[in-house]
Each structure stands twice: as C-alpha cells, then as structure tokens.
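Q: start15.txt (compact mmCIF, C-alpha atoms) pasted underneath:
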```txt
# COMPACT_ATOMS: atom_id res chain seq x y z
CA MET S 262 -72.26 9.60 47.99
CA SER S 263 -72.13 8.91 51.71
CA SER S 264 -71.06 5.58 53.13
CA GLY S 265 -73.84 3.14 53.90
CA VAL S 266 -76.16 4.59 51.22
CA PRO S 267 -76.60 2.16 48.32
CA VAL S 268 -75.54 3.60 44.96
CA SER S 269 -77.82 2.79 42.06
CA SER S 270 -76.23 1.01 39.11
CA THR S 271 -77.11 3.93 36.81
CA ARG S 272 -75.40 6.37 39.12
CA ALA S 273 -72.35 4.08 39.50
CA ALA S 274 -72.13 3.78 35.72
CA LEU S 275 -72.37 7.55 35.36
CA ILE S 276 -69.58 8.09 37.90
CA LEU S 277 -67.38 5.51 36.20
CA ALA S 278 -68.12 7.02 32.79
CA THR S 279 -67.18 10.53 33.95
CA PHE S 280 -63.99 9.18 35.50
CA LEU S 281 -63.08 7.39 32.27
CA GLY S 282 -64.02 10.50 30.28
CA GLY S 283 -61.68 12.53 32.49
CA LEU S 284 -58.95 9.94 32.04
CA VAL S 285 -59.20 10.17 28.25
CA MET S 286 -59.20 13.98 28.46
CA GLY S 287 -56.11 13.86 30.69
CA VAL S 288 -54.25 11.65 28.20
CA ALA S 289 -55.35 13.91 25.34
CA ALA S 290 -54.25 17.01 27.28
CA TYR S 291 -50.79 15.47 27.83
CA ALA S 292 -50.50 14.56 24.15
CA LEU S 293 -51.39 18.14 23.19
CA THR S 294 -49.10 19.84 25.69
CA ASP S 295 -46.10 17.52 25.29
CA LYS S 296 -43.75 19.48 23.05
CA GLY S 297 -41.54 16.52 22.10
CA VAL S 298 -38.51 17.36 19.99
CA ASP S 299 -38.31 20.99 18.80
CA ALA S 300 -38.25 21.64 15.07
CA ASN S 301 -34.79 21.51 13.48
CA PRO S 302 -33.81 25.05 12.40
CA TYR S 303 -31.36 23.61 9.87
CA ALA S 304 -31.86 21.48 6.79
CA SER S 305 -31.29 17.71 7.04
CA LEU S 306 -29.66 15.30 4.64
CA PRO S 307 -31.57 12.24 3.38
CA LYS S 308 -30.58 8.95 4.99
CA ILE S 309 -28.93 6.25 2.92
CA ALA S 310 -28.64 2.48 3.32
CA GLU S 311 -25.86 0.95 5.39
CA PRO S 312 -22.64 0.91 3.30
CA ALA S 313 -21.35 -2.62 2.68
CA ALA S 314 -17.80 -1.85 3.89
CA ALA S 315 -19.14 -0.38 7.15
CA ALA S 316 -21.45 -3.35 7.65
CA GLU S 317 -18.46 -5.66 7.27
CA VAL S 318 -16.53 -3.80 10.00
CA ALA S 319 -19.57 -3.98 12.29
CA ARG S 320 -19.82 -7.72 11.65
CA ASP S 321 -16.13 -8.23 12.39
CA LEU S 322 -16.46 -6.33 15.67
CA LEU S 323 -19.48 -8.37 16.69
CA ASN S 324 -17.79 -11.64 15.70
CA ASP S 325 -14.70 -10.66 17.70
CA ASP S 326 -12.60 -11.18 14.58
CA PRO S 327 -9.32 -9.22 14.81
CA LYS S 328 -7.87 -10.87 11.70
CA ALA S 329 -10.71 -9.69 9.45
CA LEU S 330 -10.52 -6.20 10.97
CA SER S 331 -6.77 -5.96 10.41
CA ASN S 332 -7.26 -7.03 6.78
CA GLN S 333 -9.94 -4.43 6.19
CA LEU S 334 -8.60 -1.36 8.01
CA ASP S 335 -5.20 0.31 8.06
CA MET S 336 -3.39 1.01 11.32
CA THR S 337 -4.49 4.64 11.64
CA VAL S 338 -8.15 3.75 11.21
CA LEU S 339 -7.79 0.81 13.60
CA GLN S 340 -6.33 3.11 16.23
CA GLN S 341 -9.22 5.56 15.73
CA LEU S 342 -11.66 2.65 16.09
CA GLN S 343 -9.92 1.56 19.28
CA THR S 344 -10.33 5.06 20.73
CA ALA S 345 -13.95 5.24 19.56
CA ILE S 346 -15.06 2.03 21.29
CA ASP S 347 -12.91 2.51 24.40
CA PRO S 348 -13.55 1.35 27.19
CA LEU S 349 -15.59 -1.55 25.72
CA VAL S 350 -13.67 -4.81 25.96
CA ASP S 351 -16.46 -7.26 25.15
CA ILE S 352 -18.84 -6.20 22.38
CA ARG S 353 -22.19 -7.95 22.65
CA SER S 354 -24.26 -5.96 20.18
CA ILE S 355 -23.80 -3.52 17.32
CA LYS S 356 -26.65 -1.53 15.86
CA PHE S 357 -26.48 0.48 12.67
CA VAL S 358 -28.46 3.65 13.41
CA GLY S 359 -28.14 5.62 10.18
CA ALA S 360 -25.94 6.97 7.42
CA VAL S 361 -25.78 10.08 5.26
CA GLU S 362 -23.80 11.01 2.16
CA LYS S 363 -22.54 14.34 0.85
CA ASN S 364 -20.20 14.93 -2.09
CA GLY S 365 -19.04 11.30 -2.07
CA ARG S 366 -18.32 11.34 1.66
CA VAL S 367 -20.37 9.01 3.83
CA LEU S 368 -20.91 8.97 7.60
CA ALA S 369 -22.26 5.66 8.94
CA ALA S 370 -23.27 5.66 12.61
CA TYR S 371 -23.29 2.67 14.95
CA VAL S 372 -23.95 2.04 18.61
CA ALA S 373 -22.04 -0.80 20.27
CA GLY S 374 -23.21 -2.38 23.49
CA GLY S 375 -21.13 -4.56 25.74
CA ARG S 376 -19.01 -4.80 28.84
CA ILE S 377 -16.06 -2.86 30.16
CA SER S 378 -13.24 -4.42 32.14
CA ASP S 379 -15.08 -4.27 35.49
CA GLY S 380 -18.12 -6.07 34.00
CA THR S 381 -20.37 -3.01 33.71
CA ASP S 382 -22.66 -2.89 30.65
CA ILE S 383 -22.37 0.27 28.61
CA VAL S 384 -23.18 1.57 25.13
CA ARG S 385 -20.80 3.56 22.89
CA GLY S 386 -21.54 5.39 19.70
CA PHE S 387 -19.07 5.59 16.83
CA VAL S 388 -19.16 6.82 13.26
CA LEU S 389 -17.29 5.31 10.31
CA ARG S 390 -16.21 7.83 7.67
CA LEU S 391 -16.11 6.49 4.13
CA THR S 392 -15.01 7.87 0.80
CA GLY S 393 -16.46 5.69 -1.90
CA ASP S 394 -16.22 2.13 -0.57
CA GLN S 395 -13.15 2.84 1.54
CA ILE S 396 -13.25 3.45 5.29
CA VAL S 397 -11.02 6.47 5.84
CA GLY S 398 -11.64 7.27 9.48
CA VAL S 399 -13.57 6.68 12.69
CA ASN S 400 -15.02 9.21 15.13
CA MET R 174 -66.97 25.60 50.24
CA PHE R 175 -66.54 27.73 47.06
CA GLY R 176 -70.31 27.56 46.54
CA LEU R 177 -70.12 23.84 45.72
CA ASN R 178 -73.03 23.23 48.09
CA LEU R 179 -75.27 24.98 45.56
CA VAL R 180 -74.40 22.37 42.92
CA PRO R 181 -76.56 19.20 42.95
CA PRO R 182 -74.68 16.24 44.51
CA LEU R 183 -74.77 14.17 41.32
CA VAL R 184 -73.26 16.97 39.23
CA ARG R 185 -70.70 17.64 41.96
CA THR R 186 -69.66 13.99 42.02
CA ALA R 187 -69.47 13.91 38.22
CA MET R 188 -67.27 17.03 38.22
CA MET R 189 -64.98 15.55 40.86
CA MET R 190 -64.70 12.28 38.91
CA LEU R 191 -63.96 14.15 35.69
CA LEU R 192 -61.27 16.18 37.43
CA LEU R 193 -59.80 13.13 39.16
CA GLY R 194 -59.84 11.12 35.91
CA GLY R 195 -58.15 13.98 34.07
CA LEU R 196 -55.46 14.26 36.70
CA VAL R 197 -54.81 10.51 36.76
CA GLY R 198 -54.76 10.42 32.93
CA TYR R 199 -52.33 13.35 32.62
CA VAL R 200 -49.94 12.31 35.39
CA GLY R 201 -50.14 8.62 34.45
CA THR R 202 -49.30 9.32 30.81
CA ALA R 203 -46.43 11.63 31.75
CA PHE R 204 -45.03 9.05 34.18
CA THR R 205 -45.40 6.12 31.77
CA THR R 206 -43.89 8.05 28.87
CA THR R 207 -40.87 9.09 30.94
CA LEU R 208 -40.44 5.55 32.30
CA VAL R 209 -40.60 3.95 28.85
CA VAL R 210 -38.19 6.47 27.30
CA ASP R 211 -35.69 6.26 30.18
CA SER R 212 -35.75 2.46 30.36
CA GLY R 213 -35.31 1.99 26.63
CA ILE R 214 -38.03 -0.69 26.64
CA LEU R 215 -39.06 0.25 23.12
CA GLY R 216 -35.50 0.43 21.84
CA GLY R 217 -35.21 4.17 22.40
CA GLY R 218 -34.46 4.83 18.74
CA GLY R 219 -36.19 8.19 18.68
CA GLU R 220 -34.42 11.52 18.97
CA SER R 221 -34.17 12.80 22.50
CA SER R 222 -35.33 16.39 22.92
CA GLU R 223 -32.41 17.05 25.31
CA ALA R 224 -29.88 15.87 22.72
CA HIS R 225 -31.58 17.96 20.05
CA ARG R 226 -31.53 21.09 22.23
CA TYR R 227 -27.87 20.46 23.14
CA MET R 228 -26.85 20.15 19.47
CA ILE R 229 -28.64 23.37 18.56
CA ALA R 230 -27.12 25.15 21.58
CA LEU R 231 -23.67 23.87 20.55
CA LEU R 232 -24.04 25.11 16.99
CA GLN R 233 -25.53 28.45 18.03
CA ARG R 234 -22.94 28.91 20.82
CA GLU R 235 -25.54 29.25 23.58
CA SER R 236 -23.25 28.74 26.55
CA ASP R 237 -26.06 29.07 29.12
CA ASN R 238 -28.07 26.29 27.48
CA LEU R 239 -24.96 24.14 27.10
CA ALA R 240 -24.28 24.47 30.82
CA ARG R 241 -27.92 23.68 31.65
CA LEU R 242 -28.13 20.61 29.39
CA GLY R 243 -24.61 19.33 29.98
CA PRO R 244 -23.11 17.53 32.96
CA SER R 245 -23.33 19.12 36.40
CA SER R 246 -20.06 20.88 37.04
CA ASP R 247 -18.45 23.41 39.32
CA VAL R 248 -18.43 27.15 38.66
CA VAL R 249 -14.85 27.20 37.31
CA SER R 250 -15.61 24.43 34.80
CA ARG R 251 -18.69 26.34 33.64
CA ALA R 252 -16.61 29.53 33.29
CA LEU R 253 -14.07 27.60 31.20
CA GLN R 254 -16.86 26.21 29.03
CA GLN R 255 -18.23 29.74 28.46
CA GLN R 256 -14.75 30.91 27.51
CA ASN R 257 -14.35 27.98 25.10
CA VAL R 258 -17.68 28.75 23.46
CA SER R 259 -16.89 32.47 23.11
CA GLN R 260 -13.46 31.72 21.63
CA GLN R 261 -14.86 29.46 18.92
CA PRO R 262 -14.69 31.00 15.46
CA GLN R 263 -17.82 33.14 14.99
CA ASP R 264 -17.89 32.76 11.24
CA VAL R 265 -18.67 29.04 11.20
CA LYS R 266 -22.08 28.53 9.66
CA PRO R 267 -23.95 25.23 10.09
CA LEU R 268 -25.47 24.15 6.78
CA THR R 269 -27.28 20.95 7.72
CA VAL R 270 -27.91 19.03 10.94
CA THR R 271 -29.07 15.45 10.47
CA TYR R 272 -30.12 13.15 13.27
CA LEU R 273 -28.66 9.77 12.33
CA GLY R 274 -30.19 7.76 15.15
CA GLY R 275 -29.69 6.56 18.66
CA VAL R 276 -29.96 3.75 21.15
CA SER R 277 -31.03 3.74 24.80
CA SER R 278 -29.98 1.22 27.38
CA GLY R 279 -31.39 1.86 30.81
CA ARG R 280 -30.68 5.48 31.71
CA ILE R 281 -27.86 5.73 29.15
CA SER R 282 -28.68 6.98 25.69
CA VAL R 283 -26.42 7.53 22.68
CA GLN R 284 -27.60 9.95 20.00
CA ILE R 285 -25.63 10.57 16.82
CA TYR R 286 -25.78 13.55 14.44
CA ALA R 287 -24.10 14.52 11.18
CA VAL R 288 -23.35 18.22 10.75
CA GLU R 289 -22.17 20.16 7.70
CA VAL R 290 -20.45 23.45 8.52
CA GLN R 291 -18.95 26.16 6.37
CA ALA R 292 -16.38 28.70 7.58
CA SER R 293 -16.24 32.17 6.03
CA GLY R 294 -13.02 31.20 4.26
CA GLY R 295 -15.04 28.62 2.37
CA GLN R 296 -13.64 25.71 4.35
CA TYR R 297 -16.23 22.94 4.40
CA GLN R 298 -16.51 20.20 7.02
CA PHE R 299 -18.79 17.20 7.32
CA LEU R 300 -18.64 16.08 10.95
CA PRO R 301 -20.31 13.49 13.15
CA PHE R 302 -21.27 14.22 16.77
CA SER R 303 -21.98 11.40 19.19
CA LEU R 304 -23.78 12.50 22.37
CA THR R 305 -23.97 10.26 25.42
CA LEU R 306 -26.79 11.15 27.79
CA ILE R 307 -27.36 9.81 31.27
CA GLY R 308 -30.73 10.52 32.84
CA GLY R 309 -31.53 13.18 30.23
CA ARG R 310 -28.28 15.17 30.62
CA VAL R 311 -25.51 15.20 28.06
CA GLN R 312 -22.43 13.72 29.70
CA ARG R 313 -20.12 13.27 26.75
CA VAL R 314 -19.76 14.82 23.30
CA GLU R 315 -17.45 13.27 20.72
```
For this file, produce the structure as structure tokens.

A:
Amino acid sequence: MSSGVPVSSTRAALILATFLGGLVMGVAAYALTDKGVDANPYASLPKIAEPAAAAEVARDLLNDDPKALSNQLDMTVLQQLQTAIDPLVDIRSIKFVGAVEKNGRVLAAYVAGGRISDGTDIVRGFVLRLTGDQIVGVN
Amino acid sequence: MFGLNLVPPLVRTAMMMLLLGGLVGYVGTAFTTTLVVDSGILGGGGESSEAHRYMIALLQRESDNLARLGPSSDVVSRALQQQNVSQQPQDVKPLTVTYLGGVSSGRISVQIYAVEVQASGGQYQFLPFSLTLIGGRVQRVE
C-alpha cells in the first residue's frame, strides 16, 4: 500500500475488517489473561441485610445529628466511632457495603466520605459490631 | 526482512493490521480497565485483587508479600514488620474470610473484610478488617 496508489474499496474494507478482527482478538486476549481477584482459600459467610440499628446510626451521622447519636450509643461506643471516622469532620456520604452474622454477632460495614479539617475529601471505612439489635462496638 | 517479501502484499498488510488491531485492543482494554477501576467511575464496589492478596498474606503470615503490597517503607520498618509477623501466634487458624464490600474515590479505595479466627486454645474471634488502598497499595489496616 504505497502512497499515491489508489486503494480499492474491497481492499480497504478487507484491511479495516482485519484491523477490527485484531482489535476484538486483543480485547478477548486481555479478558482471558486478566487474572482478576484470586480465589479465596477460605470459606465465606453469607451476607445479610443492613441491620436497622446500624442503619439508624448511619442516618444520624449523615444528618449530622449528635443528639440522636448520643441517645442511641453509649459513651464507649461513641468514642470508638469517633476514632473510626477520624479525621473526617464533615460527612457528606455514607454507604452500607455489607454485613455478616455469626452466632448472633453481626458486623455491618460502612464507608463514609467527606472532608477533613483542611478541606481535603477522603473516604473512611468503619464497622459496627452488633449483638442482637444492640450496637456493642465500632472498629 | 524475515522473509516477509515472500508473502503477497495483501496478506502481509492483513497480517500487519491484525497484529496492530490486536495490540491496540489489548493495550486499550488494559488501560481503560485500570483507568476505570482507579477513578472509581463505576462506584468501585468490586473487590480489589491487591486488597485480597494483602488479606491472604496477612492471615498466612507472608511477610514478603505484606511488604510488597503494603506502603513503601524503609528497611528498618520492613524488618520490624517481619519481626511482628513472625512473633504473631502461630496457632491462630482463619476459619472464614468474607469480603463485605468497598468503595473507591479517585485513587483511594476502602475494602472491608470480616474474618473468623480460632486459636488452638479454642478462643474464637470474629473480626473486621478495613483496608485503605492508595494507587493499588495498602496504606492502612484497621
């Protein structure tokens, strides 16, 4: 295909088709060779729905409602929550990411997004520990 | 060159186009996938392979992998980490490891796991681990 020589439409179509064929093969090759996440060598627990008590705490955090939080959690748990979300000072979003239960103990995981004191946006993960309907700790 | 002159020009061009298309497809997909995952455009709710490998290395006390997947640090810090790992009780047996979920925001990603462990004395613990990753490296474990 030298410059100045007209390329027939059939030939141009063939070249384009082979290029597109190669493109598809390249994408397929990446999909086949991309290992993704390795298999988990351990067993996993089934996920459960968001516990109501945990959802209420998440709502209070998002609504910037210290009164509701102080009514719902004791001082020890509040201090653990403070440590868990530190250094966030302005919570803009809270996402429930999952929960599991074993022998009556529940772990409910959340990710909070917001700003720290210097205005930087960050995300922080925290986990509420529940026994029954009671929040007993925060990690 | 390489006997390509013996191949008819049309076949040669087709081969080159196929090769070029394959290369563009492979590199383009790899680049786009990395960009989308790192930017968190799609919410980034999926498990990160780096976080998964770090959790497994943590539970199996693979200090070399922990150092490779964790934050860049000086040689003394890495020596301390190796010592910490080797001093952990050897009889702790992980029972289950459950990926709870995660969120990505820009280059920062938070991935949360629930782990059940059993010590030889029968002591049972049900623990959460929250991993914060920046640019694919674990920077914080809580």

Q: Just give me the gap between atom CA of Asp237 of chain R and atom CA of Ile307 of chain R in Å, one decimal is fine.

A: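 Here the two named atoms are 19.4 Å from each other.
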
Q: Identify, on the basis of all atoms listed in the file, every residue whose closest approach to segment 383-388 of chain S does not exceed 7 Å; exclude the query and any residue fewer than 4 positions from it along the same chain; express the result as a CSV table (one decimal) with C-alpha atoms, in the frame of the given file.

A:
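Everything below was put into around-v3.csv:
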```
chain,number,residue,atom,x,y,z
S,345,ALA,CA,-14.0,5.2,19.6
S,346,ILE,CA,-15.1,2.0,21.3
S,368,LEU,CA,-20.9,9.0,7.6
S,369,ALA,CA,-22.3,5.7,8.9
S,370,ALA,CA,-23.3,5.7,12.6
S,371,TYR,CA,-23.3,2.7,15.0
S,372,VAL,CA,-24.0,2.0,18.6
S,373,ALA,CA,-22.0,-0.8,20.3
S,374,GLY,CA,-23.2,-2.4,23.5
S,375,GLY,CA,-21.1,-4.6,25.7
S,376,ARG,CA,-19.0,-4.8,28.8
S,399,VAL,CA,-13.6,6.7,12.7
S,400,ASN,CA,-15.0,9.2,15.1
R,283,VAL,CA,-26.4,7.5,22.7
R,301,PRO,CA,-20.3,13.5,13.2
R,303,SER,CA,-22.0,11.4,19.2
```

Q: Taking all atoms listed in the file into account, what are the residues of chain R at most 6 Å from chain S, put as a ChimeraX atom specification?

A: /R:187,190-191,194-195,198-199,222,269-271,273-274

Q: For the atom pair atom CA of Val290 of chain R and atom CA of Tyr272 of chain R, what is the interatomic distance in Å to one decimal place?

A: 14.9 Å

Q: Just the residues within 10 Å of Gln291 of chain R, please, counting all atoms listed in the file, with nothing from its chain fewer than 6 positions along; format it as number ranges by chain.

A: R: 264-269, 297-299

Q: Write a file of the selected residues as a JSON list (two decimals), in the coordinates of the input, keeping C-alpha atoms.

A:
```json
[["chain", "number", "residue", "atom", "x", "y", "z"],
["R", 264, "ASP", "CA", -17.89, 32.76, 11.24],
["R", 265, "VAL", "CA", -18.67, 29.04, 11.20],
["R", 266, "LYS", "CA", -22.08, 28.53, 9.66],
["R", 267, "PRO", "CA", -23.95, 25.23, 10.09],
["R", 268, "LEU", "CA", -25.47, 24.15, 6.78],
["R", 269, "THR", "CA", -27.28, 20.95, 7.72],
["R", 297, "TYR", "CA", -16.23, 22.94, 4.40],
["R", 298, "GLN", "CA", -16.51, 20.20, 7.02],
["R", 299, "PHE", "CA", -18.79, 17.20, 7.32]]
```

Q: Kindly provide, as a PyMOL selection string, the polymer residues lying within 8 Å of (-27.9, 17.4, 33.5), counting all atoms listed in the file and using the coordinates exactly as they appear in the file.

A: chain R and resi 241-245+307-312

Q: Which residues, protein or nucleic acid, reach to within 9 Å of (-18.1, -9.4, 27.5) in the file's coordinates when using all atoms listed in the file, and can you give that as a PyMOL selection string?

A: chain S and resi 349-353+375-378+380+382

Q: To one decimal in Å, tell me the separation between atom CA of Arg234 of chain R and atom CA of Gln256 of chain R.

A: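 Going from atom CA of Arg234 of chain R over to atom CA of Gln256 of chain R covers 10.8 Å.
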
Q: Looking at S:Gln341, S:Ser269, S:Gln333, S:Pro348, which one is nearest to Ala319 of chain S, with distances taken over all atoms listed in the file?

A: S:Gln333

Q: For Thr344 of chain S, which of S:Ala329, S:Gly398, S:Thr294, S:Ala274 is the closest residue, counting only C-alpha atoms?

A: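 Answer, going by the shortest atom-to-atom distance: S:Gly398.
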
Q: Between R:Leu306, R:Ala292, R:Leu300, R:Leu253, single out the one closest to Gly275 of chain R, counting only C-alpha atoms.

A: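 For Gly275 of chain R, the nearest of the given residues is R:Leu306.
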